[in-house]
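Colleague: Input file: input28.txt. Contents: compact mmCIF, C-alpha atoms.
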```txt
# COMPACT_ATOMS: atom_id res chain seq x y z
CA MET A 1 -34.10 10.16 14.22
CA SER A 2 -31.28 9.34 16.64
CA GLU A 3 -28.67 11.93 17.51
CA PRO A 4 -25.46 11.69 15.45
CA GLN A 5 -22.57 9.93 17.15
CA LEU A 6 -19.97 12.27 18.61
CA ILE A 7 -16.45 11.03 17.96
CA GLY A 8 -13.61 12.26 20.17
CA ARG A 9 -10.16 12.69 18.59
CA ALA A 10 -7.19 13.85 20.67
CA LEU A 11 -3.97 15.11 19.06
CA THR A 12 -0.72 16.26 20.62
CA HIS A 13 1.92 18.29 18.77
CA TRP A 14 4.85 19.47 20.87
CA SER A 15 7.32 22.04 19.48
CA GLY A 16 5.53 23.13 16.31
CA GLU A 17 6.43 26.15 14.18
CA GLY A 18 4.04 29.08 14.52
CA ALA A 19 2.52 29.14 11.02
CA TRP A 20 2.16 25.35 11.10
CA ASN A 21 0.37 25.43 14.46
CA MET A 22 -2.17 27.96 13.20
CA SER A 23 -2.62 26.05 9.92
CA VAL A 24 -3.36 22.79 11.74
CA ASP A 25 -6.11 24.46 13.78
CA GLU A 26 -7.66 25.82 10.59
CA ALA A 27 -7.41 22.48 8.80
CA ILE A 28 -9.20 20.73 11.68
CA LEU A 29 -11.92 23.41 11.71
CA GLN A 30 -12.49 22.92 7.98
CA SER A 31 -12.49 19.14 8.38
CA VAL A 32 -15.04 19.07 11.21
CA SER A 33 -17.31 21.55 9.42
CA ALA A 34 -17.16 19.59 6.14
CA ARG A 35 -18.03 16.31 7.87
CA ALA A 36 -21.02 17.94 9.55
CA GLU A 37 -22.23 19.37 6.22
CA ARG A 38 -22.04 15.91 4.65
CA GLY A 39 -24.12 14.47 7.47
CA GLU A 40 -21.30 12.24 8.74
CA SER A 41 -20.64 11.40 12.37
CA CYS A 42 -19.93 14.61 14.26
CA GLN A 43 -16.52 15.16 15.76
CA ALA A 44 -15.04 16.81 18.81
CA VAL A 45 -11.33 17.28 18.14
CA LEU A 46 -9.09 18.26 21.05
CA ARG A 47 -5.51 19.28 20.37
CA PHE A 48 -2.66 20.22 22.70
CA TYR A 49 0.46 21.86 21.34
CA SER A 50 3.51 23.98 22.04
CA TRP A 51 5.94 26.07 20.01
CA ASN A 52 9.45 25.31 18.78
CA VAL A 53 10.71 28.80 19.69
CA PRO A 54 9.19 31.69 21.67
CA THR A 55 6.54 33.00 19.28
CA LEU A 56 4.35 36.08 19.32
CA SER A 57 0.88 35.45 17.86
CA LEU A 58 -0.82 38.67 16.80
CA GLY A 59 -4.56 39.01 17.16
CA TYR A 60 -6.39 39.20 13.82
CA PHE A 61 -6.94 42.96 14.01
CA GLN A 62 -3.49 43.94 15.32
CA THR A 63 -0.78 45.37 13.09
CA TYR A 64 2.62 43.80 12.63
CA GLN A 65 4.15 47.26 13.00
CA ALA A 66 2.85 47.42 16.60
CA ALA A 67 5.13 44.48 17.47
CA ILE A 68 8.21 46.41 16.37
CA PRO A 69 10.72 47.13 17.83
CA ARG A 70 10.19 45.16 21.04
CA PHE A 71 9.47 41.81 19.37
CA ALA A 72 11.60 42.30 16.28
CA ASP A 73 13.81 39.33 17.20
CA ALA A 74 10.95 36.96 18.07
CA ALA A 75 9.12 34.62 15.73
CA VAL A 76 5.79 36.22 14.82
CA VAL A 77 2.58 34.77 13.37
CA ARG A 78 -0.93 36.19 12.97
CA ARG A 79 -3.93 34.30 14.37
CA SER A 80 -7.35 34.09 12.76
CA THR A 81 -8.94 35.00 16.11
CA GLY A 82 -9.05 38.43 17.69
CA GLY A 83 -7.69 39.82 20.92
CA GLY A 84 -4.23 40.91 21.98
CA ALA A 85 -0.88 39.39 21.11
CA ILE A 86 0.22 36.28 23.00
CA VAL A 87 3.78 35.24 23.76
CA HIS A 88 3.79 31.45 23.32
CA ASP A 89 6.71 30.04 25.23
CA ARG A 90 6.46 28.42 28.65
CA GLU A 91 2.78 27.57 28.37
CA LEU A 92 0.29 24.99 27.13
CA THR A 93 -1.83 25.82 24.09
CA TYR A 94 -5.05 23.90 23.44
CA SER A 95 -7.64 23.92 20.68
CA LEU A 96 -11.09 22.35 20.77
CA THR A 97 -13.18 22.04 17.61
CA VAL A 98 -16.78 20.79 17.66
CA ALA A 99 -19.52 20.45 15.06
CA THR A 100 -22.51 22.78 15.41
CA PRO A 101 -26.18 22.39 14.46
CA VAL A 102 -27.57 23.80 11.23
CA GLY A 103 -28.29 27.52 11.56
CA GLN A 104 -26.41 28.06 14.81
CA ARG A 105 -24.64 31.42 14.76
CA GLY A 106 -22.46 33.46 17.06
CA ALA A 107 -20.12 32.53 19.87
CA ARG A 108 -20.56 29.37 21.92
CA HIS A 109 -20.52 30.93 25.39
CA ASP A 110 -21.42 27.59 26.98
CA LEU A 111 -18.35 25.98 25.44
CA TYR A 112 -16.12 28.88 26.51
CA GLN A 113 -17.35 28.81 30.09
CA GLY A 114 -17.34 25.02 30.23
CA VAL A 115 -13.72 24.66 29.10
CA HIS A 116 -12.56 27.37 31.49
CA ALA A 117 -14.42 25.64 34.33
CA VAL A 118 -12.52 22.47 33.40
CA ILE A 119 -9.21 24.35 33.61
CA VAL A 120 -10.17 25.79 37.00
CA ASP A 121 -10.86 22.24 38.20
CA VAL A 122 -7.60 20.86 36.80
CA LEU A 123 -5.59 23.70 38.35
CA LYS A 124 -7.22 22.89 41.66
CA GLN A 125 -5.85 19.34 41.40
CA PHE A 126 -2.39 20.93 41.32
CA GLY A 127 -3.19 23.02 44.40
CA VAL A 128 -3.84 26.24 42.46
CA ILE A 129 -6.95 28.40 42.95
CA ALA A 130 -8.05 30.25 39.79
CA ARG A 131 -11.18 32.33 39.33
CA PRO A 132 -12.79 34.00 36.32
CA TYR A 133 -12.09 37.72 36.13
CA ARG A 134 -15.77 38.54 36.70
CA LEU A 135 -15.25 37.17 40.23
CA ASP A 136 -11.70 38.41 40.80
CA ARG A 137 -11.16 42.04 39.82
CA GLN A 138 -8.12 42.79 41.97
CA ARG A 139 -5.99 44.58 39.37
CA THR A 140 -6.67 47.38 36.93
CA PHE A 141 -5.78 46.90 33.26
CA ALA A 142 -5.74 48.67 29.90
CA GLU A 143 -8.42 47.41 27.50
CA ASP A 144 -6.21 48.22 24.51
CA ALA A 145 -2.99 46.71 25.90
CA PHE A 146 -0.91 45.12 23.14
CA LEU A 147 -0.40 41.83 25.00
CA CYS A 148 -3.45 39.66 25.59
CA PHE A 149 -2.40 38.72 29.12
CA GLN A 150 -2.45 42.39 30.11
CA ARG A 151 -6.12 42.63 29.07
CA ARG A 152 -9.16 41.16 30.84
CA THR A 153 -12.52 39.73 29.80
CA ALA A 154 -15.14 38.28 32.12
CA GLU A 155 -14.16 34.62 31.67
CA ASP A 156 -10.36 35.03 31.67
CA LEU A 157 -8.86 33.02 34.53
CA ILE A 158 -7.01 34.87 37.27
CA VAL A 159 -4.47 33.67 39.84
CA SER A 160 -3.25 36.12 42.51
CA GLY A 161 -4.57 39.03 40.45
CA TYR A 162 -2.79 38.00 37.22
CA LYS A 163 -4.37 36.55 34.10
CA VAL A 164 -3.09 33.03 33.40
CA VAL A 165 -5.66 31.65 30.94
CA GLY A 166 -7.33 33.26 27.94
CA SER A 167 -9.21 31.80 24.97
CA ALA A 168 -10.86 32.87 21.72
CA GLN A 169 -13.30 31.37 19.23
CA ARG A 170 -13.71 31.23 15.48
CA ARG A 171 -16.63 29.77 13.51
CA ALA A 172 -16.94 27.90 10.24
CA LYS A 173 -20.25 27.01 8.59
CA ARG A 174 -20.89 23.93 10.72
CA ALA A 175 -18.17 24.01 13.39
CA VAL A 176 -16.59 26.20 16.04
CA LEU A 177 -12.94 26.33 17.06
CA GLN A 178 -11.88 27.49 20.50
CA HIS A 179 -8.18 27.82 21.24
CA GLY A 180 -6.42 29.23 24.23
CA SER A 181 -3.27 29.48 26.30
CA VAL A 182 -2.47 28.33 29.83
CA LEU A 183 0.49 30.39 31.02
CA LEU A 184 2.69 28.15 33.18
CA ARG A 185 5.83 30.28 33.62
CA ALA A 186 6.96 33.73 32.57
CA SER A 187 8.81 33.97 29.27
CA GLY A 188 12.08 35.83 28.90
CA VAL A 189 10.36 37.60 25.99
CA ALA A 190 7.67 38.99 28.34
CA PRO A 191 8.94 38.68 31.93
CA GLU A 192 6.25 41.04 33.22
CA LEU A 193 3.66 38.27 32.71
CA PRO A 194 4.01 35.65 35.48
CA GLY A 195 2.69 32.14 34.99
CA VAL A 196 0.92 29.82 37.38
CA THR A 197 4.14 28.38 38.83
CA ASP A 198 5.70 31.83 39.28
CA LEU A 199 2.66 32.94 41.24
CA THR A 200 2.13 29.83 43.37
CA SER A 201 5.42 27.85 43.39
CA LYS A 202 3.32 24.85 42.28
CA PRO A 203 5.18 22.89 39.58
CA ILE A 204 2.92 21.77 36.72
CA ASP A 205 3.85 19.07 34.24
CA ARG A 206 2.50 20.08 30.83
CA SER A 207 1.72 16.55 29.65
CA GLU A 208 -0.02 15.62 32.90
CA PHE A 209 -2.06 18.82 32.75
CA ALA A 210 -3.10 18.02 29.16
CA ASP A 211 -4.15 14.47 30.09
CA MET A 212 -6.31 15.78 32.92
CA MET A 213 -7.89 18.38 30.64
CA LYS A 214 -8.66 15.69 28.06
CA LEU A 215 -10.48 13.57 30.63
CA ARG A 216 -12.51 16.48 32.01
CA ILE A 217 -13.39 17.93 28.58
CA GLY A 218 -14.51 14.46 27.53
CA GLN A 219 -16.83 14.40 30.54
CA LEU A 220 -18.04 17.91 29.68
CA LEU A 221 -18.98 16.94 26.12
CA GLY A 222 -19.94 13.35 26.78
CA VAL A 223 -17.21 11.84 24.60
CA GLU A 224 -14.25 9.54 25.13
CA TYR A 225 -11.17 10.87 23.40
CA ALA A 226 -8.96 8.47 21.50
CA GLY A 227 -5.44 9.31 20.37
CA SER A 228 -5.36 10.43 16.75
CA GLU A 229 -3.20 11.97 14.04
CA LEU A 230 -3.96 14.34 11.21
CA ASN A 231 -5.36 12.42 8.23
CA GLU A 232 -4.07 12.91 4.70
CA ALA A 233 -6.77 15.43 3.79
CA GLU A 234 -6.05 17.50 6.90
CA LEU A 235 -2.32 17.39 6.22
CA ALA A 236 -2.92 18.61 2.66
CA VAL A 237 -5.04 21.52 3.90
CA THR A 238 -2.45 22.32 6.57
CA ARG A 239 0.32 22.57 3.98
CA ARG A 240 -1.78 24.72 1.65
CA VAL A 241 -2.98 27.07 4.40
CA GLN A 242 0.54 27.41 5.79
CA ARG A 243 1.88 28.31 2.33
CA ASP A 244 -0.89 30.68 1.30
CA LYS A 245 -1.90 32.25 4.60
CA TYR A 246 -0.11 31.87 7.92
CA GLY A 247 3.35 31.56 6.40
CA SER A 248 2.72 34.49 4.05
CA VAL A 249 4.30 37.90 4.62
CA ASP A 250 1.14 39.49 3.17
CA TRP A 251 -0.99 37.83 5.87
CA LEU A 252 1.44 38.63 8.66
CA GLN A 253 1.80 42.30 7.72
CA ARG A 254 -1.80 42.91 6.65
CA ARG A 255 -3.34 46.17 7.87
```
Could you spell out this file's structure in structure tokens?
Modeller:
Amino acid sequence: MSEPQLIGRALTHWSGEGAWNMSVDEAILQSVSARAERGESCQAVLRFYSWNVPTLSLGYFQTYQAAIPRFADAAVVRRSTGGGAIVHDRELTYSLTVATPVGQRGARHDLYQGVHAVIVDVLKQFGVIARPYRLDRQRTFAEDAFLCFQRRTAEDLIVSGYKVVGSAQRRAKRAVLQHGSVLLRASGVAPELPGVTDLTSKPIDRSEFADMMKLRIGQLLGVEYAGSELNEAELAVTRRVQRDKYGSVDWLQRR
């Protein structure tokens, strides 16, 4: 039996609201998993997005109360992935969703490392040298820091001792979602976290960076990405998930 065709879809959503952004990622994860379960052509869906206002995304296990009082005036949403809180402002957020074989469990470390290697390569094209934290342990950090970019894991990307890229994964029955943040400049909401341009004085155009990532991730996975939009089924799931989950006070303030 021949291998199923891998279809590459690329979506771009600039200036989305926080709950909507999280709901779209979940709708795509459900869509890719459902297609794989039905035995249809497998998909690799790559999405780039940003946020309409500076937004704090809480990690799944963090409490809303921990964000108060410092972030009381910021937009706040809770992710479905773990880790520390992220201030989404002057950055590029990506998500990559791929179908997985029957019975595959656990994290896709190859995908995580592969995407971060792509980002290292793209940053190099802009004249920026980034290294995974396992190879660049210049600065100490607190493992339980509230903000994600004050924590470190082995594959986080480091520039001049500061974390500038972090990602997380979530699984469905037949798919895995990886989303992450590329910090380009410091936000006024969290000025203690410098971005790539602050650290290197190298200006980075967000759209150009996304296009280069799309090409390299396509090479990584062996797919050619074509521009796409959410289909009607995905839009319906997005609306429902936004209403019932990410836009819900109960979800945001869960303990």
Colleague: Using all atoms listed in the file, what residues lie at most 10 Å away from (-14.0, 32.3, 34.1) (file coordinates), given as a ChimeraX atom specification?
Modeller: /A:112-120,130-136,153-158,165-166
Colleague: One decimal, in Å: what's the spacing between atom CA of Ala145 of chain A and atom CA of Thr93 of chain A?
Modeller: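 Distance reported for this atom pair: 21.0 Å.
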Colleague: With distances taken over all atoms listed in the file, which of A:Leu184, A:Ala75, A:Val53, A:Ala10 is nearest to Asp205 of chain A?
Modeller: A:Leu184
Colleague: Between A:Leu215, A:Ala233, A:Leu92, A:Val128, which is the closest to Arg185 of chain A once you count all atoms listed in the file?
Modeller: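 Of the candidates, the smallest distance to Arg185 of chain A is held by A:Leu92.
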Colleague: Between A:Thr100, A:Ser15, A:Gln125, A:Ser167, single out the one closest to Gly59 of chain A, counting only C-alpha atoms.
Modeller: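 Going through A:Thr100, A:Ser15, A:Gln125, A:Ser167 one by one, the smallest distance to Gly59 of chain A is for A:Ser167.
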